[in-house]
$ cat coords-v7.txt   # compact mmCIF, C-alpha atoms
# COMPACT_ATOMS: atom_id res chain seq x y z
CA MET G 1 -8.77 26.06 -19.32
CA SER G 2 -10.25 25.84 -15.82
CA SER G 3 -9.45 23.97 -12.62
CA LYS G 4 -11.70 21.17 -11.33
CA ARG G 5 -12.08 19.11 -8.15
CA PHE G 6 -11.59 15.36 -8.37
CA LEU G 7 -11.51 12.27 -6.20
CA MET G 8 -7.94 11.03 -6.50
CA ASN G 9 -7.06 7.33 -6.31
CA PRO G 10 -3.37 6.46 -6.47
CA MET G 11 -2.91 2.75 -7.23
CA ARG G 12 -0.49 0.10 -8.33
CA THR G 13 -0.14 -1.29 -11.85
CA ALA G 14 1.70 -4.33 -13.22
CA LYS G 15 3.80 -2.05 -15.48
CA GLN G 16 4.88 0.01 -12.49
CA GLY G 17 5.74 -3.19 -10.58
CA VAL G 18 8.06 -4.27 -13.41
CA GLN G 19 9.74 -0.85 -13.55
CA VAL G 20 10.35 -0.90 -9.77
CA ASN G 21 12.68 -3.86 -10.41
CA VAL G 22 14.25 -2.31 -13.50
CA GLY G 23 15.10 0.88 -11.65
CA LYS G 24 13.27 4.04 -10.67
CA ASP G 25 15.58 6.30 -12.66
CA SER G 26 14.23 5.07 -15.97
CA ASP G 27 12.19 7.46 -18.11
CA GLU G 28 9.49 4.80 -18.33
CA TYR G 29 9.06 4.69 -14.52
CA LYS G 30 8.98 8.49 -14.30
CA GLU G 31 6.32 8.66 -16.99
CA ILE G 32 4.21 5.97 -15.33
CA VAL G 33 4.12 7.75 -11.95
CA THR G 34 3.45 11.20 -13.45
CA THR G 35 0.59 10.26 -15.78
CA LEU G 36 -2.97 10.84 -14.60
CA SER G 37 -5.80 8.77 -16.05
CA ILE G 38 -8.84 11.00 -16.57
CA HIS G 39 -12.30 10.55 -18.15
CA PRO G 40 -12.58 12.25 -21.59
CA ASN G 41 -15.50 14.45 -20.41
CA ASP G 42 -13.44 15.71 -17.48
CA MET G 43 -10.53 16.46 -19.82
CA ALA G 44 -12.88 18.48 -22.05
CA ALA G 45 -14.37 20.31 -19.05
CA MET G 46 -10.88 21.43 -18.02
CA GLY G 47 -9.91 22.24 -21.60
CA VAL G 48 -6.92 19.90 -21.67
CA SER G 49 -5.95 17.10 -24.03
CA ASP G 50 -3.65 14.06 -23.90
CA GLY G 51 -0.12 14.96 -22.81
CA ASP G 52 -1.06 18.35 -21.32
CA ARG G 53 0.40 19.24 -17.91
CA VAL G 54 -1.71 19.81 -14.82
CA MET G 55 -0.95 20.74 -11.21
CA VAL G 56 -2.67 18.56 -8.59
CA LYS G 57 -3.14 20.28 -5.22
CA THR G 58 -4.16 18.97 -1.81
CA GLU G 59 -4.12 20.71 1.57
CA PHE G 60 -0.66 19.19 2.10
CA GLY G 61 1.15 19.85 -1.16
CA ALA G 62 1.16 19.99 -4.94
CA ALA G 63 2.65 17.93 -7.76
CA GLU G 64 2.75 18.13 -11.53
CA PHE G 65 1.35 15.40 -13.77
CA GLY G 66 0.61 14.75 -17.43
CA CYS G 67 -2.95 13.91 -18.55
CA GLN G 68 -4.12 10.80 -20.33
CA THR G 69 -7.64 9.90 -21.44
CA ALA G 70 -8.73 6.61 -19.89
CA LYS G 71 -11.74 4.46 -19.18
CA VAL G 72 -12.25 5.66 -15.61
CA PRO G 73 -15.39 7.00 -13.90
CA GLU G 74 -16.13 10.70 -14.30
CA GLY G 75 -14.96 12.85 -11.39
CA MET G 76 -12.15 10.43 -10.47
CA ILE G 77 -8.48 10.44 -11.38
CA PHE G 78 -6.04 7.55 -11.10
CA VAL G 79 -2.24 7.49 -11.00
CA PRO G 80 0.32 4.86 -9.93
CA TYR G 81 2.04 5.58 -6.57
CA GLY G 82 5.40 7.33 -6.79
CA PRO G 83 7.35 10.37 -5.60
CA PRO G 84 4.73 12.84 -6.98
CA THR G 85 1.86 11.24 -5.02
CA CYS G 86 4.02 11.34 -1.83
CA LYS G 87 3.97 15.13 -2.04
CA LEU G 88 0.17 15.13 -1.91
CA MET G 89 -0.18 12.91 1.17
CA GLY G 90 -0.56 14.18 4.72
CA GLY G 91 1.32 12.58 7.62
CA SER G 92 -1.67 11.69 9.81
CA THR G 93 -2.76 8.04 9.92
CA ASP G 94 -5.84 8.60 12.13
CA GLY G 95 -4.27 6.27 14.68
CA THR G 96 -4.18 3.32 12.27
CA GLY G 97 -0.62 3.40 10.92
CA MET G 98 -1.95 3.84 7.39
CA PRO G 99 -1.92 7.27 5.75
CA THR G 100 -4.96 8.29 3.71
CA SER G 101 -3.77 7.83 0.17
CA LYS G 102 -6.83 6.84 -1.79
CA GLY G 103 -10.18 8.46 -2.41
CA TRP G 104 -9.22 11.94 -1.31
CA GLU G 105 -10.33 15.24 -2.80
CA VAL G 106 -7.85 17.18 -4.87
CA GLU G 107 -7.89 20.21 -7.12
CA VAL G 108 -6.56 19.82 -10.64
CA GLU G 109 -5.39 22.94 -12.41
CA PRO G 110 -4.19 23.03 -16.04
CA ILE G 111 -0.80 24.72 -16.31
CA GLY G 112 -0.30 24.54 -20.07
CA GLY G 113 2.48 22.80 -21.96
CA THR G 114 2.98 19.13 -22.74
CA GLN G 115 5.05 16.43 -21.08
CA ALA G 116 7.74 16.66 -23.79
CA GLU G 117 8.10 20.43 -23.31
CA SER G 118 8.43 20.08 -19.55
CA GLU G 119 11.22 17.49 -19.93
CA THR G 120 13.28 19.73 -22.19
CA GLU G 121 13.03 22.70 -19.84
CA MET F 1 -15.63 -14.63 -9.26
CA VAL F 2 -17.30 -11.44 -8.11
CA LEU F 3 -15.24 -8.26 -8.41
CA VAL F 4 -16.09 -5.21 -6.32
CA ASP F 5 -14.31 -1.98 -7.22
CA ILE F 6 -14.94 1.71 -7.80
CA ARG F 7 -13.93 1.36 -11.46
CA GLU F 8 -13.43 -1.27 -14.12
CA THR F 9 -9.96 -2.69 -13.60
CA LYS F 10 -8.15 -5.25 -15.75
CA SER F 11 -9.50 -7.94 -13.42
CA VAL F 12 -12.98 -7.33 -14.87
CA LYS F 13 -12.08 -9.62 -17.77
CA ALA F 14 -11.51 -12.49 -15.35
CA ALA F 15 -14.61 -11.76 -13.28
CA ASP F 16 -18.08 -13.28 -13.77
CA ILE F 17 -19.80 -10.35 -12.09
CA PHE F 18 -18.58 -6.80 -11.57
CA LEU F 19 -20.14 -4.69 -8.83
CA GLN F 20 -19.19 -1.02 -9.12
CA VAL F 21 -19.40 0.38 -5.60
CA ARG F 22 -19.56 4.12 -5.01
CA PRO F 23 -16.21 5.50 -3.68
CA GLY F 24 -16.07 5.62 0.13
CA LYS F 25 -19.05 3.28 0.53
CA ASP F 26 -17.16 0.02 1.25
CA PHE F 27 -18.08 0.00 4.93
CA GLU F 28 -21.75 0.57 4.12
CA LEU F 29 -21.74 -2.21 1.51
CA ILE F 30 -20.07 -4.73 3.82
CA THR F 31 -22.41 -3.83 6.69
CA ILE F 32 -25.43 -4.31 4.40
CA LEU F 33 -24.07 -7.70 3.31
CA ARG F 34 -23.58 -8.69 6.97
CA ALA F 35 -27.24 -7.86 7.58
CA MET F 36 -28.47 -9.60 4.44
CA ILE F 37 -26.76 -12.94 5.11
CA LYS F 38 -28.68 -13.01 8.43
CA ASP F 39 -31.96 -11.99 6.75
CA GLN F 40 -32.10 -8.68 8.59
CA PRO F 41 -34.33 -6.01 6.95
CA ILE F 42 -32.53 -3.65 4.56
CA SER F 43 -34.16 -0.83 2.62
CA GLU F 44 -33.67 0.03 -1.05
CA THR F 45 -32.52 3.50 0.02
CA GLN F 46 -29.72 2.07 2.15
CA ILE F 47 -28.57 -0.07 -0.76
CA ALA F 48 -28.86 2.79 -3.28
CA GLU F 49 -26.27 4.70 -1.26
CA THR F 50 -23.66 2.12 -2.24
CA GLY F 51 -24.40 2.55 -5.96
CA LEU F 52 -25.73 -1.02 -6.24
CA THR F 53 -29.22 -2.59 -6.35
CA MET F 54 -31.14 -5.01 -4.11
CA GLU F 55 -31.13 -7.64 -6.92
CA GLN F 56 -27.35 -7.43 -7.31
CA LEU F 57 -26.77 -7.89 -3.58
CA GLN F 58 -29.36 -10.69 -3.20
CA ASP F 59 -27.60 -12.53 -6.04
CA PHE F 60 -24.21 -11.87 -4.41
CA VAL F 61 -25.38 -13.22 -1.03
CA SER F 62 -26.93 -16.34 -2.55
CA ARG F 63 -23.71 -17.02 -4.48
CA MET F 64 -21.63 -16.65 -1.29
CA LYS F 65 -23.92 -19.02 0.61
CA ALA F 66 -23.93 -21.55 -2.24
CA ALA F 67 -20.11 -21.70 -2.35
CA ARG F 68 -18.41 -24.68 -0.72
CA PHE F 69 -15.25 -22.69 0.08
CA GLY F 70 -15.26 -18.96 -0.49
CA VAL F 71 -12.38 -16.52 -0.25
CA MET F 72 -12.47 -12.73 -0.05
CA PHE F 73 -9.37 -10.99 -1.34
CA PHE F 74 -9.07 -7.38 -0.22
CA GLY F 75 -6.54 -4.64 -0.92
CA MET F 76 -5.52 -1.09 -0.22
CA GLY F 77 -8.82 0.22 -1.58
CA LEU F 78 -10.26 -0.81 1.80
CA SER F 79 -7.36 0.05 4.08
CA MET F 80 -6.19 3.35 2.62
CA THR F 81 -9.54 5.09 2.15
CA ARG F 82 -11.65 6.76 4.81
CA GLY F 83 -12.60 4.21 7.44
CA LYS F 84 -9.30 2.31 6.99
CA HIS F 85 -9.09 -0.42 9.67
CA MET F 86 -12.86 -0.21 10.23
CA ASN F 87 -13.36 -1.26 6.58
CA SER F 88 -10.93 -4.18 6.94
CA ALA F 89 -12.46 -5.19 10.29
CA ALA F 90 -15.95 -5.18 8.74
CA LEU F 91 -14.79 -7.47 5.92
CA LEU F 92 -13.04 -9.86 8.32
CA THR F 93 -16.23 -9.97 10.41
CA LEU F 94 -18.29 -10.73 7.29
CA ALA F 95 -15.89 -13.59 6.43
CA ALA F 96 -16.14 -14.93 10.01
CA GLU F 97 -19.94 -14.68 9.97
CA MET F 98 -20.15 -16.45 6.59
CA ASN F 99 -18.75 -19.53 8.35
CA ALA F 100 -22.18 -20.04 9.89
CA PHE F 101 -23.28 -21.07 6.37
CA THR F 102 -20.18 -22.41 4.59
CA LYS F 103 -16.39 -22.28 4.75
CA PHE F 104 -15.12 -18.75 4.09
CA VAL F 105 -11.81 -16.97 4.56
CA ALA F 106 -10.51 -13.45 3.89
CA MET F 107 -6.99 -12.74 2.67
CA PRO F 108 -5.20 -9.42 2.13
CA MET F 109 -3.79 -8.93 -1.37
CA ARG F 110 -0.05 -8.29 -1.18
CA GLY F 111 2.00 -5.90 -3.24
CA HIS F 112 5.48 -6.57 -4.51
CA GLY F 113 8.15 -8.64 -2.80
CA ASN F 114 7.93 -10.77 0.31
CA VAL F 115 5.49 -8.68 2.35
CA THR F 116 3.80 -11.75 3.81
CA GLY F 117 7.22 -13.10 4.86
CA ALA F 118 7.94 -9.98 6.91
CA ASP F 119 4.60 -10.32 8.73
CA VAL F 120 5.04 -14.06 9.33
CA ILE F 121 8.58 -13.76 10.71
CA MET F 122 7.78 -10.78 12.95
CA ARG F 123 4.74 -12.68 14.22
CA SER F 124 6.70 -15.85 14.99
CA GLN F 125 9.52 -13.95 16.73
CA THR F 126 7.53 -11.31 18.64
CA GLY F 127 3.87 -12.32 18.47
CA TYR F 128 3.00 -9.27 16.37
CA PRO F 129 3.11 -8.72 12.59
CA PHE F 130 4.16 -5.03 12.32
CA GLY F 131 4.03 -1.71 14.19
CA ILE F 132 6.28 -3.08 16.96
CA SER F 133 8.40 -1.11 19.42
CA PHE F 134 11.32 -2.71 21.26
CA ASN F 135 12.27 0.42 23.18
CA ARG F 136 11.43 -1.13 26.56
CA GLY F 137 13.48 -4.22 25.78
CA TYR F 138 10.43 -6.33 24.90
CA PRO F 139 8.05 -6.13 21.92
CA ARG F 140 4.98 -3.90 22.16
CA TYR F 141 2.42 -3.60 19.36
CA ASN F 142 0.36 -0.54 18.55
CA PRO F 143 -0.44 0.44 14.96
CA GLY F 144 -0.88 4.21 14.77
CA GLU F 145 1.78 4.71 17.43
CA PHE F 146 4.69 2.39 16.57
CA SER F 147 3.97 2.03 12.84
CA THR F 148 6.62 3.50 10.54
CA VAL F 149 4.73 6.51 9.17
CA ASP F 150 3.67 7.64 12.66
CA VAL F 151 7.13 7.19 14.20
CA LEU F 152 8.74 9.17 11.36
CA VAL F 153 6.11 11.94 11.16
CA ARG F 154 6.32 12.51 14.94
CA GLY F 155 10.11 12.62 14.60
CA ASP F 156 10.63 9.99 17.33
CA THR F 157 13.60 8.30 15.69
CA ASP F 158 17.10 9.71 15.32
CA CYS F 159 18.23 6.95 12.96
CA ALA F 160 16.54 4.73 10.37
CA PHE F 161 17.61 1.39 8.91
CA ILE F 162 15.70 0.55 5.71
CA ILE F 163 16.03 -2.95 4.27
CA GLY F 164 14.60 -3.77 0.86
CA ALA F 165 11.99 -1.00 0.87
CA ASP F 166 11.67 2.44 -0.66
CA PRO F 167 9.72 4.69 1.70
CA GLY F 168 11.25 7.68 -0.12
CA ALA F 169 8.99 6.88 -3.09
CA THR F 170 5.88 5.71 -1.27
CA MET F 171 5.39 7.39 2.12
CA PRO F 172 3.80 10.78 2.88
CA GLN F 173 6.16 13.74 2.41
CA PRO F 174 6.42 14.57 6.17
CA ALA F 175 7.76 11.02 6.79
CA ILE F 176 10.22 11.35 3.88
CA ASP F 177 11.39 14.74 5.21
CA HIS F 178 12.27 13.14 8.56
CA LEU F 179 14.21 10.32 6.86
CA ALA F 180 16.26 13.02 5.12
CA ARG F 181 16.91 14.83 8.43
CA ILE F 182 18.26 11.82 10.34
CA PRO F 183 21.03 9.34 9.47
CA THR F 184 19.27 6.82 7.24
CA ILE F 185 20.97 3.61 6.14
CA VAL F 186 19.59 1.71 3.13
CA LEU F 187 20.17 -1.91 2.07
CA ASP F 188 18.86 -2.47 -1.45
CA PRO F 189 19.95 -4.09 -4.73
CA HIS F 190 19.03 -0.80 -6.48
CA VAL F 191 19.79 2.83 -5.79
CA THR F 192 16.33 4.03 -4.76
CA HIS F 193 14.74 7.37 -3.86
CA THR F 194 15.44 6.49 -0.22
CA SER F 195 19.12 5.85 -1.06
CA ARG F 196 19.35 9.42 -2.38
CA LEU F 197 18.26 10.93 0.93
CA SER F 198 20.25 8.45 3.05
CA ARG F 199 23.72 8.86 4.57
CA VAL F 200 24.73 5.30 3.67
CA HIS F 201 23.54 2.98 0.89
CA ILE F 202 24.81 -0.60 0.85
CA THR F 203 24.13 -2.52 -2.36
CA THR F 204 23.03 -6.07 -1.62
CA ALA F 205 22.39 -9.15 -3.74
CA PRO F 206 18.76 -9.49 -4.89
CA ALA F 207 17.03 -12.17 -2.81
CA GLY F 208 15.79 -15.15 -4.79
CA ILE F 209 18.06 -14.31 -7.74
CA SER F 210 21.54 -14.02 -6.22
CA ALA F 211 20.88 -14.65 -2.53
CA PRO F 212 19.15 -17.67 -1.01
CA GLY F 213 16.30 -17.42 1.46
CA THR F 214 12.63 -18.10 2.01
CA ALA F 215 9.77 -16.13 0.53
CA TYR F 216 6.22 -16.49 1.83
CA ARG F 217 3.38 -16.82 -0.61
CA MET F 218 0.28 -14.66 -0.04
CA ASP F 219 -1.39 -17.63 1.70
CA GLU F 220 1.64 -17.93 4.03
CA ILE F 221 3.17 -21.00 2.36
CA PRO F 222 6.99 -20.73 2.70
CA LEU F 223 8.90 -21.16 -0.57
CA PRO F 224 12.66 -21.83 -0.44
CA LEU F 225 14.59 -19.71 -2.93
CA HIS F 226 17.74 -21.02 -4.58
CA PRO F 227 19.97 -18.39 -6.20
CA ALA F 228 20.31 -18.77 -9.96
CA LEU F 229 23.05 -16.18 -10.50
CA GLU F 230 26.12 -15.09 -8.61
CA SER F 231 26.38 -11.55 -7.31
CA PRO F 232 29.44 -9.54 -6.30
CA TYR F 233 27.36 -8.06 -3.48
CA PRO F 234 26.66 -9.56 -0.05
CA SER F 235 23.16 -10.66 0.94
CA ASP F 236 21.00 -8.53 3.27
CA GLU F 237 21.43 -11.24 5.91
CA GLU F 238 25.22 -11.05 5.75
CA VAL F 239 25.28 -7.26 6.04
CA VAL F 240 22.89 -7.27 9.01
CA ARG F 241 24.89 -10.05 10.70
CA ARG F 242 28.13 -8.09 10.29
CA ILE F 243 26.50 -4.91 11.65
CA ASN F 244 25.21 -6.94 14.63
CA GLU F 245 28.66 -8.43 15.29
CA THR F 246 30.21 -4.95 15.30
CA LEU F 247 27.48 -3.59 17.58
CA MET F 248 28.04 -6.40 20.09
CA LYS F 249 31.70 -5.35 20.39
CA LYS F 250 30.68 -1.86 21.50
CA PRO F 251 30.54 -1.20 25.25
CA ASP F 252 27.12 -1.68 26.86
CA TRP F 253 26.23 1.99 27.30
CA MET F 254 22.92 1.31 29.03
CA GLY F 255 24.59 -0.68 31.81
CA GLU F 256 22.30 -3.58 31.11
CA ARG F 257 21.94 -4.73 27.53
CA PRO F 258 18.23 -4.98 26.69
CA GLN F 259 16.83 -8.38 25.82
CA ILE F 260 17.68 -9.05 22.21
CA LEU F 261 17.23 -11.90 19.80
CA GLN F 262 20.64 -13.61 19.77
CA THR F 263 19.98 -16.02 16.96
CA GLN F 264 18.09 -16.08 13.73
CA ILE F 265 15.69 -18.93 13.12
$ encode --input "coords-v7.txt" --output "structure tokens"
Amino acid sequence: MSSKRFLMNPMRTAKQGVQVNVGKDSDEYKEIVTTLSIHPNDMAAMGVSDGDRVMVKTEFGAAEFGCQTAKVPEGMIFVPYGPPTCKLMGGSTDGTGMPTSKGWEVEVEPIGGTQAESETE
Amino acid sequence: MVLVDIRETKSVKAADIFLQVRPGKDFELITILRAMIKDQPISETQIAETGLTMEQLQDFVSRMKAARFGVMFFGMGLSMTRGKHMNSAALLTLAAEMNAFTKFVAMPMRGHGNVTGADVIMRSQTGYPFGISFNRGYPRYNPGEFSTVDVLVRGDTDCAFIIGADPGATMPQPAIDHLARIPTIVLDPHVTHTSRLSRVHITTAPAGISAPGTAYRMDEIPLPLHPALESPYPSDEEVVRRINETLMKKPDWMGERPQILQTQI
């Protein structure tokens, strides 16, 4: 297993929008905002498979996510906005009021273990 | 419908044409389109940088010009990536310039809830849609200075009142850390991440379901909401009104009460 640099794009999904109204304490919401969508080739390059845990690091912080193969471009990862993505964002808005929270470079490092294991810890 | 994105989203199924732009090249693409609609010379190399081809863009431009009423919907992919307001400004300029050929408008895509309503009401009451400071007794507007993230990250505020929003689950960590440091008061139908770091959480009735009001559609059409269910909780409006009434009973510590909005429209 080896770490790899990616272009990270947090986003919104319809499923996440529904869960926001159901309640953010639900397991479903937590899973949605901690699951990274990654291209199969990138998963293979890192030596991880579906459900494996990875640590995403930026210059501002780090957060743990689970991996999921998806139809996304190589070199890019996608995840719905939530408390884990907040940890990765810096406070500067470049004078615009809007923090940079899409299309920024991150390092993804496999940490071993699956989502189920991490929940039982 | 032409869809421009850095990846294939679910909207691809609804689109006639999908243009996959290279990440971070929105500004370049829009600037090239601005040149092309005016028949300015553009090289293949400049277009290649965006990940698209001359044929794709020529087709795109001719489709835009052939439309009788075109609309450009844009989202956070423009405003939250590098370039930010420059990307949005470029798109708005393209929409304005397209009006030399046909009717064209640009409209920001809105997320959940009544985001448009907040902008519309702030605009009608103060002249500005967001990023407003009242600390001199009159509204001043400056995104990047008075916008929420900046105010919180700088640590300017010593109190925060959050109504129907969850910055604790969406904002950058330095802003969340400041909300946790200061007395934060939350009004929300749910217990949110912000509620957990607040000193006070007041549960309110969900607007449109148990509380009446007006929501604004994305195109700024006001829609009256009639509650379908009863709620044991007060509405946001009632809580804010009661807080205001209590505040007005307090002595005027500044000597001269700053100009405030006495009534709600």
$ interface_residues --input "coords-v7.txt" --of "chain F" --to "chain G" --cutoff "10 Å" --atoms "only C-alpha atoms" --output "MDAnalysis selection string"
chainID F and resid 6:10 23:24 76:86 111:113 130:131 142:154 166:176 189:193 206
$ atom_distance --input "coords-v7.txt" --atom1 "CA of Pro212 in chain F" --atom2 "CA of Asn244 in chain F"
19.9 Å
$ atom_distance --input "coords-v7.txt" --atom1 "CA of Ile111 in chain G" --atom2 "CA of Val54 in chain G"
5.2 Å
$ residues_around --input "coords-v7.txt" --residues "range 45-62 of chain F" --least-positions-apart "2" --cutoff "10 Å" --atoms "all atoms listed in the file" --output "compact mmCIF listing (two decimals) with C-alpha atoms, in the coordinates of the input"
# COMPACT_ATOMS: atom_id res chain seq x y z
CA VAL F 2 -17.30 -11.44 -8.11
CA ILE F 6 -14.94 1.71 -7.80
CA ILE F 17 -19.80 -10.35 -12.09
CA PHE F 18 -18.58 -6.80 -11.57
CA LEU F 19 -20.14 -4.69 -8.83
CA GLN F 20 -19.19 -1.02 -9.12
CA VAL F 21 -19.40 0.38 -5.60
CA ARG F 22 -19.56 4.12 -5.01
CA PRO F 23 -16.21 5.50 -3.68
CA GLY F 24 -16.07 5.62 0.13
CA LYS F 25 -19.05 3.28 0.53
CA ASP F 26 -17.16 0.02 1.25
CA PHE F 27 -18.08 0.00 4.93
CA GLU F 28 -21.75 0.57 4.12
CA LEU F 29 -21.74 -2.21 1.51
CA ILE F 30 -20.07 -4.73 3.82
CA ILE F 32 -25.43 -4.31 4.40
CA LEU F 33 -24.07 -7.70 3.31
CA ARG F 34 -23.58 -8.69 6.97
CA MET F 36 -28.47 -9.60 4.44
CA ILE F 37 -26.76 -12.94 5.11
CA ILE F 42 -32.53 -3.65 4.56
CA SER F 43 -34.16 -0.83 2.62
CA MET F 64 -21.63 -16.65 -1.29
CA LYS F 65 -23.92 -19.02 0.61
CA ALA F 66 -23.93 -21.55 -2.24
CA ALA F 67 -20.11 -21.70 -2.35
CA MET F 98 -20.15 -16.45 6.59
$ atom_distance --input "coords-v7.txt" --atom1 "CA of Phe74 in chain F" --atom2 "CA of Thr102 in chain F"
19.3 Å
$ residues_near_point --input "coords-v7.txt" --point "(-6.6, 13.3, -21.8)" --cutoff "9 Å" --atoms "all atoms listed in the file" --output "list in words"
Leu36, Ser37, Ile38, His39, Pro40, Asp42, Met43, Ala44, Val48, Ser49, Asp50, Gly51, Asp52, Gly66, Cys67, Gln68, Thr69 and Ala70 of chain G
$ closest_residue --input "coords-v7.txt" --among "G:Val79, G:Glu31, G:Glu74, G:Val56" --to "Val106 in chain G" --atoms "all atoms listed in the file"
G:Val56
$ closest_residue --input "coords-v7.txt" --among "G:Phe78, G:Glu107, G:Gln16, G:Met1" --to "Thr58 in chain G" --atoms "all atoms listed in the file"
G:Glu107
$ decode --input "coords-v7.txt" --residues "range 4-22 of chain F" --atoms "N, CA and C atoms" --output "PDB file, in the first residue's frame"
ATOM      1  N   VAL F   4     -21.479  21.168 -18.677  1.00  0.00           N
ATOM      2  CA  VAL F   4     -20.023  21.321 -18.578  1.00  0.00           C
ATOM      3  C   VAL F   4     -19.620  20.943 -17.158  1.00  0.00           C
ATOM      4  N   ASP F   5     -18.753  19.958 -17.021  1.00  0.00           N
ATOM      5  CA  ASP F   5     -18.330  19.523 -15.690  1.00  0.00           C
ATOM      6  C   ASP F   5     -16.973  18.846 -15.805  1.00  0.00           C
ATOM      7  N   ILE F   6     -16.332  18.631 -14.648  1.00  0.00           N
ATOM      8  CA  ILE F   6     -15.031  17.956 -14.677  1.00  0.00           C
ATOM      9  C   ILE F   6     -15.199  16.441 -14.679  1.00  0.00           C
ATOM     10  N   ARG F   7     -16.436  15.972 -14.444  1.00  0.00           N
ATOM     11  CA  ARG F   7     -16.674  14.522 -14.476  1.00  0.00           C
ATOM     12  C   ARG F   7     -18.124  14.280 -14.911  1.00  0.00           C
ATOM     13  N   GLU F   8     -18.415  13.034 -15.230  1.00  0.00           N
ATOM     14  CA  GLU F   8     -19.782  12.686 -15.608  1.00  0.00           C
ATOM     15  C   GLU F   8     -20.655  12.629 -14.370  1.00  0.00           C
ATOM     16  N   THR F   9     -21.587  13.556 -14.240  1.00  0.00           N
ATOM     17  CA  THR F   9     -22.502  13.527 -13.100  1.00  0.00           C
ATOM     18  C   THR F   9     -23.802  12.857 -13.535  1.00  0.00           C
ATOM     19  N   LYS F  10     -24.747  12.762 -12.616  1.00  0.00           N
ATOM     20  CA  LYS F  10     -26.037  12.142 -12.965  1.00  0.00           C
ATOM     21  C   LYS F  10     -26.790  12.977 -14.000  1.00  0.00           C
ATOM     22  N   SER F  11     -26.459  14.275 -14.068  1.00  0.00           N
ATOM     23  CA  SER F  11     -27.136  15.155 -15.027  1.00  0.00           C
ATOM     24  C   SER F  11     -26.790  14.812 -16.466  1.00  0.00           C
ATOM     25  N   VAL F  12     -25.734  14.024 -16.674  1.00  0.00           N
ATOM     26  CA  VAL F  12     -25.322  13.649 -18.030  1.00  0.00           C
ATOM     27  C   VAL F  12     -26.480  12.996 -18.782  1.00  0.00           C
ATOM     28  N   LYS F  13     -27.255  12.198 -18.055  1.00  0.00           N
ATOM     29  CA  LYS F  13     -28.384  11.485 -18.688  1.00  0.00           C
ATOM     30  C   LYS F  13     -29.388  12.464 -19.282  1.00  0.00           C
ATOM     31  N   ALA F  14     -29.535  13.619 -18.645  1.00  0.00           N
ATOM     32  CA  ALA F  14     -30.510  14.605 -19.121  1.00  0.00           C
ATOM     33  C   ALA F  14     -29.915  15.521 -20.181  1.00  0.00           C
ATOM     34  N   ALA F  15     -28.587  15.498 -20.319  1.00  0.00           N
ATOM     35  CA  ALA F  15     -27.929  16.442 -21.224  1.00  0.00           C
ATOM     36  C   ALA F  15     -27.854  15.902 -22.651  1.00  0.00           C
ATOM     37  N   ASP F  16     -27.900  16.847 -23.638  1.00  0.00           N
ATOM     38  CA  ASP F  16     -27.711  16.449 -25.041  1.00  0.00           C
ATOM     39  C   ASP F  16     -26.224  16.348 -25.338  1.00  0.00           C
ATOM     40  N   ILE F  17     -25.461  17.257 -24.740  1.00  0.00           N
ATOM     41  CA  ILE F  17     -24.015  17.281 -24.994  1.00  0.00           C
ATOM     42  C   ILE F  17     -23.303  17.429 -23.651  1.00  0.00           C
ATOM     43  N   PHE F  18     -22.240  16.649 -23.480  1.00  0.00           N
ATOM     44  CA  PHE F  18     -21.444  16.769 -22.251  1.00  0.00           C
ATOM     45  C   PHE F  18     -20.038  17.224 -22.627  1.00  0.00           C
ATOM     46  N   LEU F  19     -19.612  18.337 -22.048  1.00  0.00           N
ATOM     47  CA  LEU F  19     -18.265  18.839 -22.279  1.00  0.00           C
ATOM     48  C   LEU F  19     -17.455  18.661 -20.996  1.00  0.00           C
ATOM     49  N   GLN F  20     -16.455  17.791 -21.046  1.00  0.00           N
ATOM     50  CA  GLN F  20     -15.667  17.523 -19.840  1.00  0.00           C
ATOM     51  C   GLN F  20     -14.464  18.465 -19.799  1.00  0.00           C
ATOM     52  N   VAL F  21     -14.601  19.499 -18.984  1.00  0.00           N
ATOM     53  CA  VAL F  21     -13.544  20.510 -18.887  1.00  0.00           C
ATOM     54  C   VAL F  21     -12.481  20.027 -17.901  1.00  0.00           C
ATOM     55  N   ARG F  22     -11.233  20.414 -18.170  1.00  0.00           N
ATOM     56  CA  ARG F  22     -10.150  20.036 -17.261  1.00  0.00           C
ATOM     57  C   ARG F  22     -10.313  20.820 -15.943  1.00  0.00           C
TER      58      ARG F  22
END
